[in-house]
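Enquirer: Sending over a structure as structure tokens; questions will come in a sec.
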Amino acid sequence: MASLATRPPGGARGTAPLGSLLLLLLSPGWGQPWPDQAGETGQEAALPDPVLANASSFASLPPGLLLGFSCAEVSGLSTERVRELALAVGRKNVTLRVDQLRCLARGLSAHRVPEDLDAFPPDLLLFLDPAGLSGPQACARFFSRVSAASVDLLPRAAPERQRLLAAALACRGVRGSRVSAADVRALGGLACDLPGRFVADSPAALLPRLAGCPGPLDQDQQEAARAALQGGGPPYGSPSTWTVSTLDTLQGLLPVLGPDTIRSIPKGVMTSWLQRTYGSPSWQRLELTLVLPRFRRDAENMTCPPGREARVVDENLVLYQDWELEACVDGALLAAQMDRVNANPFTYQQLDIFKRKLDKVYPHGYPESLVQRLGCFFLRMSPQDVRKWNVTSLRTVHALLRVSRGRRVDAQVAALIARYVSGGGQLHRDTLDALAGFRPAYLCSFSPEQLGAVPPSILWAVEPQDLDTCSPRQLGVLYPKARLAFRNVSGAVYLLKIQSFLGGASTEDLRVLSQRNVSMDVATFRKLPKEAVVGLTVLEVQRLLGPHVGGLTAEQRRSPVWDWILRQRQDDLDAMGLGLQGGVPNGYLVLDLGGRRRQAEADGPEPRSLPGALSGGRRLLGPGPVLSATLTLPLALGRH
């Protein structure tokens with residue numbers, strides 16, 4: 001679980017009580033993660049070859065093979081065969097990737113939500129559309145299964161997750177912002193998404209659930225929870241009556257407490273809880289530390305007590321106080337015994353101290369001999385740290401991908417892949433398969449040739465910012481793949497998914513898109529390739545933008561809108577009624593200096609005057625356009 005975020009206080013006021021000097025840094029668990037169960041049972045041993053084509057019965061396949069299927073294989077199966085595959089996955093308790101769950105759901109719910117939901121893996125239900133449910137009983141049964149799913153497979157902002165929450169509330173008959181304890185239990189992990197107004201109106205039912213959410217709570221939820229706790233209402237009562245047991249129960253809500261609430265907690269209760277919690281050598285303990293303004297600076301200047309200097313990294317260091325770790329542990333020792341660092345249950349705070357020490361030893365980046373042995377310590381790295389490394393071995397990449405799976409370090413993984421590829425490293429099929437579990441923020445690091453090997457199913461997880469640094473050539477490879485991946489989606493949802501890839505679209509692609517009633521906004525239109533936009537007709541642009549076409553007026557002097565205007569007949573632009581100016585006047589032939597015919601139109605009414613014919617709304621910039629305008633003059637005079 002990710003720790004709940006908290007913001008450090010601006011500073012202590014005068015001689016405030018001890019409680020007001022606390023910065024509660026909550027981390028549910030030790031820094032050393034437990035191994036993934038999937039890895040221990042061999043489920044990650046996915047085979048690169050197709051695994052479904054020759055299987056007469058999916059139920060007979062071992063779990064390792066079931067984990068290896070691709071979305072392309074599923075798309076070729078009948079609905080009944082997809083159902084058989086989903087049932088086999090559920091019975092064998094196979095943990096699938098998000099892209100596999102999503103394509104299974106598409107194959108299952110082509111017409112309606114299946115009735116035998118209990119036989120399917122709960123995680124699969126996250127990707128089914130509850131709109132297809134018939135009746136309250138089916139609805140209640142569906143969300144009973146969803147409550148057992150790993151909701152955090154979907155980011156909070158994911159459309160599927162938002163759709164599930166809205167449908168679950170409707171299923172429970174919740175119309176306002178009040179929920180009961182039964183409602184919260186039925187929502188399961190979705191209750192962590194309820195906005196702050198629900199927290200304010202239903203604190204007794206919702207606060208205990210939020211205390212266990214993987215977090216972080218958003219700003220709205222934090223403010224509502226802080227106000228409810230400070231108000232002293234149910235379920236916890238006034239902070240002045242809290243006990244050690246109450247603080248244990250609050251768990252993930254401790255970081256939202258304001259200074260006034262902390263000062264209200266009895267000092268003896270706070271002291272007892274701190275001593276017991278901070279001194280408990282258990283992997284389940286909450287990491288809580290007293291942070292004073294000069295703590296780190298003072299700790300770094302302290303001398304290691306006699307006999308406390310660390311000569312080996314072992315479990316004894318877990319019991320060291322933070323200042324002792326700062327004073328008694330050498331960074332070179334940590335680098336030499338990184339395997340021991342990962343083998344002991346150090347807290348996140350202790351691991352951060354170790355990281356600072358390693359950064360001092362290697363200020364310009366860790367050597368690959370150390371990077372390869374980082375293990376779970378890699379999870380403490382930032383993308384900026386990773387960008388300093390020289391990664392040349394595919395073995396190093398695979399070692400770090402294994403520990404990163406499911407840990408929400410997509411940015412670090414993207415930086416790792418970028419470092420490896422920039423050094424000339426080659427990516428193989430098994431590497432691409434391993435990357436399928438991460439958000440593909442690494443795509444712009446690949447060459448166009450490497451992008452050709454990327455399976456289209458990966459593109460479902462792309463977010464707009466992931467492609468910000470891609471070149472036109474890279475987008476030119478990705479766009480056809482995206483079109484293939486989203487071919488079964490239509491309307492606004494299709495545009496939402498495809499728009500990140502439109503930098504690789506051709507004029508013909510945009511013509512096809514204009515027939516799909518996508519209603520593209522002008523911000524997206526502005527990012528289209530100029531070469532593709534200028535070939536569109538007025539009618540095609542109108543269809544492409546739909547109700548947003550009026551936004552062209554504000555953009556008419558910017559590329560690519562201006563480049564497109566220059567290629568259109570002014571009469572056609574006038575027919576749009578938007579006041580767009582700069583098109584080709586009727587009756588004029590416009591040629592490039594290179595002899596390429598740009599646009600010709602010999603029909604239409606005569607120009608009213610020679611000056612008007614030469615202006616036409618187009619600026620004459622340099623000798624090229626001047627000559628082009630001059631070449632139009634005999635044609636215009638010949639018409640008189």
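Order determines the names: the first chain of the structure tokens is A, the second B, and so forth; residues in each chain are numbered 1 upward, and ligands are numbered 1 upward as they are shown.
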Please identify the alpha helix (DSSP H) residues within stretch 258-438 of chain A (assignment by DSSP from backbone atoms) and present them as an NGL selection string.

Expert: :A and (259-264 or 267-278 or 295-301 or 322-328 or 331-336 or 338-343 or 348-361 or 368-371 or 383-386 or 394-404 or 410-422 or 429-435)

Enquirer: Would you put the residues from that selection into a file with C-alpha atoms, as an mmCIF file, in the first residue's frame?

Expert:
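Dumped everything to again_21.cif:
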data_model
loop_
_atom_site.group_PDB
_atom_site.id
_atom_site.type_symbol
_atom_site.label_atom_id
_atom_site.label_comp_id
_atom_site.auth_asym_id
_atom_site.auth_seq_id
_atom_site.Cartn_x
_atom_site.Cartn_y
_atom_site.Cartn_z
ATOM 1 C CA PRO A 259 -2.159 21.081 14.984
ATOM 2 C CA ASP A 260 -5.181 21.968 17.149
ATOM 3 C CA THR A 261 -6.361 18.357 17.120
ATOM 4 C CA ILE A 262 -2.892 17.041 17.985
ATOM 5 C CA ARG A 263 -2.627 19.474 20.931
ATOM 6 C CA SER A 264 -6.014 18.243 22.186
ATOM 7 C CA LYS A 267 -0.033 14.064 26.378
ATOM 8 C CA GLY A 268 0.228 10.784 28.240
ATOM 9 C CA VAL A 269 -1.734 8.989 25.530
ATOM 10 C CA MET A 270 0.418 10.433 22.767
ATOM 11 C CA THR A 271 3.663 9.639 24.622
ATOM 12 C CA SER A 272 2.607 6.051 25.375
ATOM 13 C CA TRP A 273 1.523 5.473 21.795
ATOM 14 C CA LEU A 274 4.733 6.944 20.369
ATOM 15 C CA GLN A 275 6.921 4.838 22.639
ATOM 16 C CA ARG A 276 5.054 1.632 21.902
ATOM 17 C CA THR A 277 4.691 2.196 18.159
ATOM 18 C CA TYR A 278 8.113 3.665 17.473
ATOM 19 C CA PHE A 295 16.801 17.097 13.061
ATOM 20 C CA ARG A 296 18.616 16.032 9.926
ATOM 21 C CA ARG A 297 21.328 18.665 10.167
ATOM 22 C CA ASP A 298 21.999 17.895 13.830
ATOM 23 C CA ALA A 299 21.979 14.143 13.202
ATOM 24 C CA GLU A 300 24.554 14.475 10.459
ATOM 25 C CA ASN A 301 26.870 16.349 12.816
ATOM 26 C CA ASP A 322 17.753 7.633 13.039
ATOM 27 C CA TRP A 323 20.601 9.824 14.291
ATOM 28 C CA GLU A 324 22.630 6.684 15.007
ATOM 29 C CA LEU A 325 22.142 5.459 11.447
ATOM 30 C CA GLU A 326 23.287 8.853 10.194
ATOM 31 C CA ALA A 327 26.387 8.762 12.404
ATOM 32 C CA CYS A 328 27.313 5.064 12.449
ATOM 33 C CA GLY A 331 27.594 4.483 2.489
ATOM 34 C CA ALA A 332 30.307 2.200 1.071
ATOM 35 C CA LEU A 333 29.182 -0.536 3.488
ATOM 36 C CA LEU A 334 25.608 -0.197 2.247
ATOM 37 C CA ALA A 335 26.740 -0.461 -1.376
ATOM 38 C CA ALA A 336 28.804 -3.560 -0.676
ATOM 39 C CA MET A 338 22.916 -4.159 -0.671
ATOM 40 C CA ASP A 339 21.554 -7.707 -0.558
ATOM 41 C CA ARG A 340 21.482 -7.437 3.244
ATOM 42 C CA VAL A 341 19.703 -4.085 3.068
ATOM 43 C CA ASN A 342 16.878 -5.779 1.181
ATOM 44 C CA ALA A 343 16.836 -8.786 3.513
ATOM 45 C CA TYR A 348 10.902 3.788 4.910
ATOM 46 C CA GLN A 349 12.540 6.467 7.070
ATOM 47 C CA GLN A 350 15.617 4.290 7.596
ATOM 48 C CA LEU A 351 15.814 3.436 3.890
ATOM 49 C CA ASP A 352 15.723 7.159 3.070
ATOM 50 C CA ILE A 353 18.723 7.666 5.361
ATOM 51 C CA PHE A 354 20.550 4.851 3.537
ATOM 52 C CA LYS A 355 19.712 6.427 0.194
ATOM 53 C CA ARG A 356 21.162 9.785 1.229
ATOM 54 C CA LYS A 357 24.360 8.025 2.234
ATOM 55 C CA LEU A 358 24.619 6.184 -1.090
ATOM 56 C CA ASP A 359 23.960 9.443 -2.956
ATOM 57 C CA LYS A 360 26.942 10.989 -1.201
ATOM 58 C CA VAL A 361 29.189 8.101 -2.230
ATOM 59 C CA GLU A 368 25.613 -0.618 -12.796
ATOM 60 C CA SER A 369 27.177 -3.209 -10.475
ATOM 61 C CA LEU A 370 25.153 -1.602 -7.656
ATOM 62 C CA VAL A 371 22.043 -0.876 -9.738
ATOM 63 C CA PRO A 383 13.194 9.295 -12.019
ATOM 64 C CA GLN A 384 15.936 11.919 -11.614
ATOM 65 C CA ASP A 385 18.096 9.359 -9.813
ATOM 66 C CA VAL A 386 17.565 6.756 -12.543
ATOM 67 C CA LEU A 394 19.178 -6.434 -20.028
ATOM 68 C CA ARG A 395 19.682 -8.469 -16.861
ATOM 69 C CA THR A 396 19.697 -5.230 -14.870
ATOM 70 C CA VAL A 397 16.468 -4.112 -16.540
ATOM 71 C CA HIS A 398 14.702 -7.402 -15.825
ATOM 72 C CA ALA A 399 15.861 -7.446 -12.190
ATOM 73 C CA LEU A 400 14.369 -4.000 -11.554
ATOM 74 C CA LEU A 401 11.177 -4.701 -13.499
ATOM 75 C CA ARG A 402 10.514 -7.718 -11.278
ATOM 76 C CA VAL A 403 10.599 -5.707 -8.061
ATOM 77 C CA SER A 404 8.643 -2.810 -9.621
ATOM 78 C CA ASP A 410 5.888 3.884 -13.756
ATOM 79 C CA ALA A 411 7.958 7.077 -14.049
ATOM 80 C CA GLN A 412 11.044 5.320 -12.665
ATOM 81 C CA VAL A 413 10.511 2.384 -15.021
ATOM 82 C CA ALA A 414 10.179 4.781 -17.960
ATOM 83 C CA ALA A 415 13.473 6.450 -16.988
ATOM 84 C CA LEU A 416 15.129 3.025 -16.654
ATOM 85 C CA ILE A 417 14.026 1.948 -20.137
ATOM 86 C CA ALA A 418 15.115 5.304 -21.578
ATOM 87 C CA ARG A 419 18.600 4.899 -20.104
ATOM 88 C CA TYR A 420 18.894 1.356 -21.438
ATOM 89 C CA VAL A 421 17.667 2.204 -24.947
ATOM 90 C CA SER A 422 19.772 5.378 -25.201
ATOM 91 C CA ARG A 429 9.845 -10.046 -26.612
ATOM 92 C CA ASP A 430 10.153 -11.112 -22.981
ATOM 93 C CA THR A 431 11.114 -7.552 -22.023
ATOM 94 C CA LEU A 432 8.062 -6.133 -23.789
ATOM 95 C CA ASP A 433 5.913 -8.721 -22.023
ATOM 96 C CA ALA A 434 7.383 -7.666 -18.675
ATOM 97 C CA LEU A 435 6.650 -4.012 -19.484
#

Enquirer: For the interface of stretch 380-432 of chain A with stretch 141-159 of chain A (cut-off 12 Å, counting only C-alpha atoms), please tabulate each contacting residue of stretch 380-432 of chain A alongside its nearest pair of atoms and their separation in Å to one decimal, rows sorted by chain and increasing number, as a Markdown table.

Expert:
| residue | atom | partner | partner_atom | distance |
| --- | --- | --- | --- | --- |
| A:Arg405 | CA | A:Leu153 | CA | 11.8 |
| A:Gly406 | CA | A:Leu153 | CA | 8.6 |
| A:Arg407 | CA | A:Leu153 | CA | 10.8 |
| A:Arg408 | CA | A:Pro155 | CA | 10.1 |

Enquirer: Can those selected residues be exported to a file as a PDB file, in the first residue's frame so that it contains all heavy atoms?

Expert:
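The file below, selection19.pdb, is the result:
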ATOM      1  N   ARG A 405       6.960  -4.399 -10.302  1.00  0.00           N
ATOM      2  CA  ARG A 405       5.630  -4.808 -10.744  1.00  0.00           C
ATOM      3  C   ARG A 405       4.588  -4.528  -9.655  1.00  0.00           C
ATOM      4  O   ARG A 405       4.706  -4.972  -8.516  1.00  0.00           O
ATOM      5  CB  ARG A 405       5.629  -6.292 -11.102  1.00  0.00           C
ATOM      6  CG  ARG A 405       4.354  -6.757 -11.784  1.00  0.00           C
ATOM      7  CD  ARG A 405       4.412  -8.265 -12.037  1.00  0.00           C
ATOM      8  NE  ARG A 405       3.204  -8.710 -12.664  1.00  0.00           N
ATOM      9  CZ  ARG A 405       3.098  -9.051 -13.932  1.00  0.00           C
ATOM     10  NH1 ARG A 405       4.156  -8.978 -14.706  1.00  0.00           N
ATOM     11  NH2 ARG A 405       1.961  -9.462 -14.442  1.00  0.00           N
ATOM     12  N   GLY A 406       3.543  -3.770 -10.023  1.00  0.00           N
ATOM     13  CA  GLY A 406       2.463  -3.463  -9.095  1.00  0.00           C
ATOM     14  C   GLY A 406       2.809  -2.444  -8.038  1.00  0.00           C
ATOM     15  O   GLY A 406       2.051  -2.260  -7.073  1.00  0.00           O
ATOM     16  N   ARG A 407       3.940  -1.726  -8.169  1.00  0.00           N
ATOM     17  CA  ARG A 407       4.388  -0.810  -7.121  1.00  0.00           C
ATOM     18  C   ARG A 407       4.211   0.664  -7.460  1.00  0.00           C
ATOM     19  O   ARG A 407       4.684   1.521  -6.748  1.00  0.00           O
ATOM     20  CB  ARG A 407       5.870  -1.061  -6.805  1.00  0.00           C
ATOM     21  CG  ARG A 407       6.192  -2.491  -6.393  1.00  0.00           C
ATOM     22  CD  ARG A 407       5.547  -2.861  -5.098  1.00  0.00           C
ATOM     23  NE  ARG A 407       5.856  -4.234  -4.732  1.00  0.00           N
ATOM     24  CZ  ARG A 407       5.374  -4.849  -3.680  1.00  0.00           C
ATOM     25  NH1 ARG A 407       4.533  -4.196  -2.890  1.00  0.00           N
ATOM     26  NH2 ARG A 407       5.684  -6.102  -3.404  1.00  0.00           N
ATOM     27  N   ARG A 408       3.576   0.993  -8.567  1.00  0.00           N
ATOM     28  CA  ARG A 408       3.303   2.382  -8.947  1.00  0.00           C
ATOM     29  C   ARG A 408       4.583   3.203  -9.078  1.00  0.00           C
ATOM     30  O   ARG A 408       4.728   4.281  -8.498  1.00  0.00           O
ATOM     31  CB  ARG A 408       2.370   3.045  -7.929  1.00  0.00           C
ATOM     32  CG  ARG A 408       1.001   2.375  -7.866  1.00  0.00           C
ATOM     33  CD  ARG A 408       0.080   3.106  -6.916  1.00  0.00           C
ATOM     34  NE  ARG A 408      -1.231   2.490  -6.884  1.00  0.00           N
ATOM     35  CZ  ARG A 408      -2.241   2.902  -6.133  1.00  0.00           C
ATOM     36  NH1 ARG A 408      -2.094   3.960  -5.366  1.00  0.00           N
ATOM     37  NH2 ARG A 408      -3.393   2.287  -6.158  1.00  0.00           N
TER      38      ARG A 408
END

Enquirer: Just the residues within 8 Å of A:Gly196, please, counting only C-alpha atoms, with nothing from its chain fewer than 2 positions along; format it as a ChimeraX atom specification.

Expert: /A:194,198-200,220-225

Enquirer: Any idea what's packed within 7 Å of stretch 566-572 of chain A, counting only C-alpha atoms, ignoring anything in its chain fewer than 3 positions away? Could you give it as number ranges by chain?

Expert: A: 534, 538, 562-563, 575-576, 582-586, 599

Enquirer: Go ahead and compute the interatomic distance for atom CA of A:Val512 and atom CA of A:Val493, in Å to one decimal.

Expert: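 Straight-line distance from atom CA of A:Val512 to atom CA of A:Val493 works out to 16.3 Å.
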
Enquirer: For A:Glu463, which residue among A:Leu85, A:Phe438, A:Ser500, A:Val489 is the nearest when counting only C-alpha atoms?

Expert: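 Using only C-alpha atoms, the shortest distance to A:Glu463 belongs to A:Ser500.
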
Enquirer: When you look at stretch 135-139 of chain A with a cut-off of 9 Å (counting only C-alpha atoms), what residues show up, excluding the ones that are within fewer than 5 positions of it in the same chain? I need them as a tab-separated table (two decimals) with N, CA and C atoms, in the first residue's frame.

Expert:
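Output file out-v2.tsv follows:
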chain	number	residue	atom	x	y	z
A	115	GLU	N	-24.33	-13.65	-16.71
A	115	GLU	CA	-25.12	-13.91	-15.51
A	115	GLU	C	-24.32	-14.66	-14.45
A	130	PRO	N	-21.55	-1.93	-15.87
A	130	PRO	CA	-22.74	-2.30	-15.08
A	130	PRO	C	-24.04	-1.81	-15.68
A	144	SER	N	-21.45	-6.94	-5.13
A	144	SER	CA	-20.94	-7.80	-4.06
A	144	SER	C	-19.62	-8.44	-4.49
A	167	ALA	N	-22.42	3.83	-10.57
A	167	ALA	CA	-23.39	2.74	-10.68
A	167	ALA	C	-23.63	2.06	-9.34
A	168	ALA	N	-22.56	1.92	-8.53
A	168	ALA	CA	-22.71	1.28	-7.22
A	168	ALA	C	-23.59	2.12	-6.30
A	171	CYS	N	-27.09	1.68	-7.43
A	171	CYS	CA	-27.55	0.35	-7.06
A	171	CYS	C	-27.99	0.31	-5.60
A	172	ARG	N	-27.27	1.04	-4.74
A	172	ARG	CA	-27.61	1.09	-3.31
A	172	ARG	C	-28.73	2.07	-3.01
